[in-house]
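Next up, coords_13.pdb (PDB, C-alpha atoms and all ligand atoms):
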ATOM      1  CA  MET D  69     101.238  91.329  91.515  1.00  0.00           C
ATOM      2  CA  ILE D  70     101.108  95.057  91.037  1.00  0.00           C
ATOM      3  CA  SER D  71     102.491  97.116  93.871  1.00  0.00           C
ATOM      4  CA  CYS D  72     101.276 100.674  94.219  1.00  0.00           C
ATOM      5  CA  LYS D  73     101.523 103.018  97.176  1.00  0.00           C
ATOM      6  CA  SER D  74      99.967 106.429  97.641  1.00  0.00           C
ATOM      7  CA  THR D  75     103.476 107.870  97.904  1.00  0.00           C
ATOM      8  CA  ASP D  76     104.542 106.529  94.501  1.00  0.00           C
ATOM      9  CA  VAL D  77     105.357 109.189  91.920  1.00  0.00           C
ATOM     10  CA  SER D  78     105.750 107.885  88.384  1.00  0.00           C
ATOM     11  CA  VAL D  79     108.493 109.471  86.321  1.00  0.00           C
ATOM     12  CA  ASN D  80     107.666 110.046  82.670  1.00  0.00           C
ATOM     13  CA  LEU D  81     110.700 108.825  80.736  1.00  0.00           C
ATOM     14  CA  THR D  82     109.517 110.251  77.422  1.00  0.00           C
ATOM     15  CA  LEU D  83     110.636 113.620  78.759  1.00  0.00           C
ATOM     16  CA  MET D  84     114.276 112.515  78.584  1.00  0.00           C
ATOM     17  CA  LYS D  85     115.758 114.720  75.868  1.00  0.00           C
ATOM     18  CA  ASP D  86     119.272 115.707  76.964  1.00  0.00           C
ATOM     19  CA  GLU D  87     122.113 113.612  75.609  1.00  0.00           C
ATOM     20  CA  PHE D  88     125.493 113.041  77.194  1.00  0.00           C
ATOM     21  CA  LYS D  89     128.103 115.281  75.579  1.00  0.00           C
ATOM     22  CA  THR D  90     130.890 112.718  75.474  1.00  0.00           C
ATOM     23  CA  ILE D  91     131.265 108.952  75.663  1.00  0.00           C
ATOM     24  CA  GLU D  92     133.457 109.387  78.754  1.00  0.00           C
ATOM     25  CA  GLU D  93     130.801 111.401  80.556  1.00  0.00           C
ATOM     26  CA  LYS D  94     128.167 108.806  79.703  1.00  0.00           C
ATOM     27  CA  GLU D  95     130.322 105.809  80.703  1.00  0.00           C
ATOM     28  CA  LYS D  96     131.200 107.385  84.020  1.00  0.00           C
ATOM     29  CA  PHE D  97     127.604 108.310  84.757  1.00  0.00           C
ATOM     30  CA  GLN D  98     126.286 104.920  83.699  1.00  0.00           C
ATOM     31  CA  CYS D  99     128.725 103.085  85.960  1.00  0.00           C
ATOM     32  CA  TRP D 100     127.484 105.027  88.982  1.00  0.00           C
ATOM     33  CA  PHE D 101     123.842 104.991  87.881  1.00  0.00           C
ATOM     34  CA  PHE D 102     123.616 101.233  87.395  1.00  0.00           C
ATOM     35  CA  SER D 103     125.350 100.498  90.698  1.00  0.00           C
ATOM     36  CA  ALA D 104     123.080 102.925  92.558  1.00  0.00           C
ATOM     37  CA  LEU D 105     120.026 101.217  91.071  1.00  0.00           C
ATOM     38  CA  GLU D 106     121.189  97.920  92.564  1.00  0.00           C
ATOM     39  CA  HIS D 107     120.263  99.371  95.952  1.00  0.00           C
ATOM     40  CA  VAL D 108     116.636 100.177  95.210  1.00  0.00           C
ATOM     41  CA  GLU D 109     113.486  98.088  95.377  1.00  0.00           C
ATOM     42  CA  ILE D 110     112.233  96.449  92.199  1.00  0.00           C
ATOM     43  CA  ILE D 111     108.483  96.206  91.811  1.00  0.00           C
ATOM     44  CA  ASN D 112     105.926  95.064  89.270  1.00  0.00           C
ATOM     45  CA  ARG D 113     108.192  92.624  87.488  1.00  0.00           C
ATOM     46  CA  LEU D 114     106.558  91.225  84.368  1.00  0.00           C
ATOM     47  CA  ARG D 115     107.701  88.638  81.867  1.00  0.00           C
ATOM     48  CA  ASP D 116     107.203  90.743  78.805  1.00  0.00           C
ATOM     49  CA  VAL D 117     109.794  92.809  77.038  1.00  0.00           C
ATOM     50  CA  ARG D 118     108.574  96.102  75.625  1.00  0.00           C
ATOM     51  CA  VAL D 119     109.443  97.758  72.350  1.00  0.00           C
ATOM     52  CA  CYS D 120     111.290 101.054  72.591  1.00  0.00           C
ATOM     53  CA  PRO D 121     109.301 103.981  71.138  1.00  0.00           C
ATOM     54  CA  ILE D 122     112.512 105.620  69.913  1.00  0.00           C
ATOM     55  CA  CYS D 123     114.188 102.799  67.969  1.00  0.00           C
ATOM     56  CA  ASN D 124     111.256 100.375  67.618  1.00  0.00           C
ATOM     57  CA  GLU D 125     113.504  97.553  68.818  1.00  0.00           C
ATOM     58  CA  TYR D 126     113.142  95.482  71.952  1.00  0.00           C
ATOM     59  CA  VAL D 127     114.369  97.252  75.071  1.00  0.00           C
ATOM     60  CA  THR D 128     117.909  95.948  75.505  1.00  0.00           C
ATOM     61  CA  LEU D 129     121.041  96.803  77.418  1.00  0.00           C
ATOM     62  CA  ALA D 130     123.811  98.216  75.216  1.00  0.00           C
ATOM     63  CA  SER D 131     126.670  96.447  76.987  1.00  0.00           C
ATOM     64  CA  THR D 132     125.261  92.916  76.750  1.00  0.00           C
ATOM     65  CA  GLY D 133     122.524  93.197  74.135  1.00  0.00           C
ATOM     66  CA  LYS D 134     120.267  91.400  76.611  1.00  0.00           C
ATOM     67  CA  LYS D 135     116.566  92.154  76.607  1.00  0.00           C
ATOM     68  CA  ILE D 136     115.316  93.983  79.680  1.00  0.00           C
ATOM     69  CA  SER D 137     112.034  92.674  81.039  1.00  0.00           C
ATOM     70  CA  ALA D 138     109.400  95.152  82.139  1.00  0.00           C
ATOM     71  CA  TYR D 139     109.682  96.176  85.767  1.00  0.00           C
ATOM     72  CA  LYS D 140     109.954  99.329  87.833  1.00  0.00           C
ATOM     73  CA  PHE D 141     112.511 100.729  90.200  1.00  0.00           C
ATOM     74  CA  ARG D 142     111.114 102.310  93.345  1.00  0.00           C
ATOM     75  CA  ILE D 143     113.589 104.976  94.469  1.00  0.00           C
ATOM     76  CA  PRO D 144     113.125 106.571  97.910  1.00  0.00           C
ATOM     77  CA  ASN D 145     112.894 110.354  97.577  1.00  0.00           C
ATOM     78  CA  GLY D 146     112.009 111.881 100.917  1.00  0.00           C
ATOM     79  CA  LEU D 147     108.293 111.739 101.554  1.00  0.00           C
ATOM     80  CA  THR D 148     107.594 110.100  98.219  1.00  0.00           C
ATOM     81  CA  ASP D 149     109.108 107.340  96.097  1.00  0.00           C
ATOM     82  CA  LEU D 150     110.012 107.748  92.454  1.00  0.00           C
ATOM     83  CA  VAL D 151     108.782 104.917  90.281  1.00  0.00           C
ATOM     84  CA  VAL D 152     110.934 104.504  87.195  1.00  0.00           C
ATOM     85  CA  ASP D 153     110.453 102.045  84.361  1.00  0.00           C
ATOM     86  CA  SER D 154     113.259  99.557  83.659  1.00  0.00           C
ATOM     87  CA  SER D 155     113.505 100.925  80.113  1.00  0.00           C
ATOM     88  CA  ILE D 156     115.585 103.747  81.582  1.00  0.00           C
ATOM     89  CA  LEU D 157     118.528 101.306  81.387  1.00  0.00           C
ATOM     90  CA  HIS D 158     118.007 101.181  77.622  1.00  0.00           C
ATOM     91  CA  LEU D 159     117.459 104.924  77.252  1.00  0.00           C
ATOM     92  CA  VAL D 160     120.743 105.649  79.011  1.00  0.00           C
ATOM     93  CA  SER D 161     122.903 102.863  77.583  1.00  0.00           C
ATOM     94  CA  VAL D 162     121.610 102.802  74.003  1.00  0.00           C
ATOM     95  CA  HIS D 163     120.260 106.300  73.412  1.00  0.00           C
ATOM     96  CA  ASN D 164     122.740 108.231  75.594  1.00  0.00           C
ATOM     97  CA  LEU D 165     119.912 110.112  77.270  1.00  0.00           C
ATOM     98  CA  VAL D 166     120.410 111.811  80.618  1.00  0.00           C
ATOM     99  CA  PRO D 167     117.814 110.849  83.265  1.00  0.00           C
ATOM    100  CA  ASP D 168     115.612 113.439  84.908  1.00  0.00           C
ATOM    101  CA  ARG D 169     117.331 115.456  87.659  1.00  0.00           C
ATOM    102  CA  SER D 170     114.859 114.172  90.225  1.00  0.00           C
ATOM    103  CA  ILE D 171     116.009 110.597  89.563  1.00  0.00           C
ATOM    104  CA  ILE D 172     119.684 111.549  89.780  1.00  0.00           C
ATOM    105  CA  GLU D 173     119.188 113.514  93.002  1.00  0.00           C
ATOM    106  CA  ALA D 174     117.220 110.712  94.638  1.00  0.00           C
ATOM    107  CA  LEU D 175     119.923 108.183  93.737  1.00  0.00           C
ATOM    108  CA  GLU D 176     122.696 110.474  94.969  1.00  0.00           C
ATOM    109  CA  LYS D 177     121.153 110.212  98.426  1.00  0.00           C
ATOM    110  CA  ILE D 178     121.473 106.430  98.229  1.00  0.00           C
ATOM    111  CA  LYS D 179     124.892 106.264  96.637  1.00  0.00           C
ATOM    112  CA  PRO D 180     126.872 109.523  96.534  1.00  0.00           C
ATOM    113  CA  ARG D 181     128.806 110.190  93.368  1.00  0.00           C
ATOM    114  CA  SER D 182     132.552 110.514  93.682  1.00  0.00           C
ATOM    115  CA  SER D 183     133.625 114.110  94.216  1.00  0.00           C
ATOM    116  CA  ASP D 184     135.785 114.212  91.089  1.00  0.00           C
ATOM    117  CA  SER D 185     132.778 113.854  88.779  1.00  0.00           C
TER     118      SER D 185
HETATM  119 ZN    ZN D 201     115.581 102.342  71.850  1.00  0.00          ZN
END
In structure tokens, what does this structure look like?
Ligand SMILES: [Zn+2]
Amino acid sequence: MISCKSTDVSVNLTLMKDEFKTIEEKEKFQCWFFSALEHVEIINRLRDVRVCPICNEYVTLASTGKKISAYKFRIPNGLTDLVVDSSILHLVSVHNLVPDRSIIEALEKIKPRSSDS
């Protein structure tokens, strides 16, 4: 079942180009990012696992090596919702890429980041 609302705004993950400067920065961000994503709605869950356009491998999670099935996160963002593909977990954990600011800002409203970061 495909869910789609008129307020959905798809985020293009191929625009992710910035890399984390240090492992520490990435680990700290990822810890917050993954826990914040646990609070958002998951839609359009499919059985298939996609191949990553960057590494041509299946989309996996760096920490566990587990394949990530295709689904989307729907993140409330004021009047609209951001719709983000599950492959963002791979792009962050494996490719050290920093998500779009709009995604970070929307998630900060759900789960504020600690002030020391
Ligand atoms: Zn990849």
Item to complete: Using only C-alpha atoms, collect all residues at a distance of at most 12 Å from (127.1, 110.0, 75.1) as written in the file, then present them as a PyMOL selection string.
Response: chain D and resi 86-98+159-166
Item to complete: Could you pull out the residues sitting within 9 Å of ligand ZN 201 (chain D), using only C-alpha atoms and all ligand atoms, and write them as a PyMOL selection string?
Response: chain D and resi 119-128+155+158-159+162-163
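Residues with any atom within 9 Å of Asp149 in chain D, counting all atoms listed in the file and excluding same-chain neighbours fewer than 6 positions away, are D:Lys73, D:Thr75, D:Asp76, D:Val77, D:Ser78, D:Arg142, D:Ile143, D:Ala174.
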Item to complete: Show me as an MDAnalysis selection string the residues that reach within 7 Å of (111.8, 103.7, 92.8), counting all atoms listed in the file and using the file's own coordinates.
Response: chainID D and resid 108:109 140:144 149:152
Item to complete: Rounded to one decimal place, report the CA of Ser137 in chain D-CA of Lys177 in chain D distance in Å.
Response: 26.3 Å
Fill in: Shortest interatomic distance to Leu129 in chain D - which of D:Ile156, D:Leu175, D:Ala104, D:Leu114, counting all atoms listed in the file
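The closest residue to Leu129 in chain D is D:Ile156.
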Item to complete: Return the single residue from D:Leu105, D:Val79, D:Ile171, D:Val117 that is closest to Ala138 in chain D, with distances computed using only C-alpha atoms.
Response: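 Under the stated criterion, the closest residue is D:Val117.
The smallest atom-to-atom distance between Ile110 in chain D and any of D:Pro167, D:Leu83, D:Lys135, D:Ser154, using only C-alpha atoms, is found for D:Ser154.
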Worksheet item: If you measure from CA of Arg115 in chain D to CA of Tyr139 in chain D, what distance in Å do you get, rounded to one decimal?
Response: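 Between CA of Arg115 in chain D and CA of Tyr139 in chain D the gap works out to 8.7 Å.
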Fill in: Å distance separating CA of Met84 in chain D from CA of Ile172 in chain D, one decimal place
12.5 Å
Padding 4 Å on each side, edges along x, y and z: where is the centre of the box around the listed atoms of range 160-171 of chain D, and how long are its edges in Å to one decimal? Output it as AutoDock Vina command-line options.
--center_x 118.9 --center_y 109.1 --center_z 81.8 --size_x 16.0 --size_y 20.7 --size_z 24.8
Worksheet item: Which is closer to Glu176 in chain D than all the others in D:Thr82, D:Ser103, D:Ser74, D:Thr132, using only C-alpha atoms?
Response: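 Closest to Glu176 in chain D, using only C-alpha atoms: D:Ser103.
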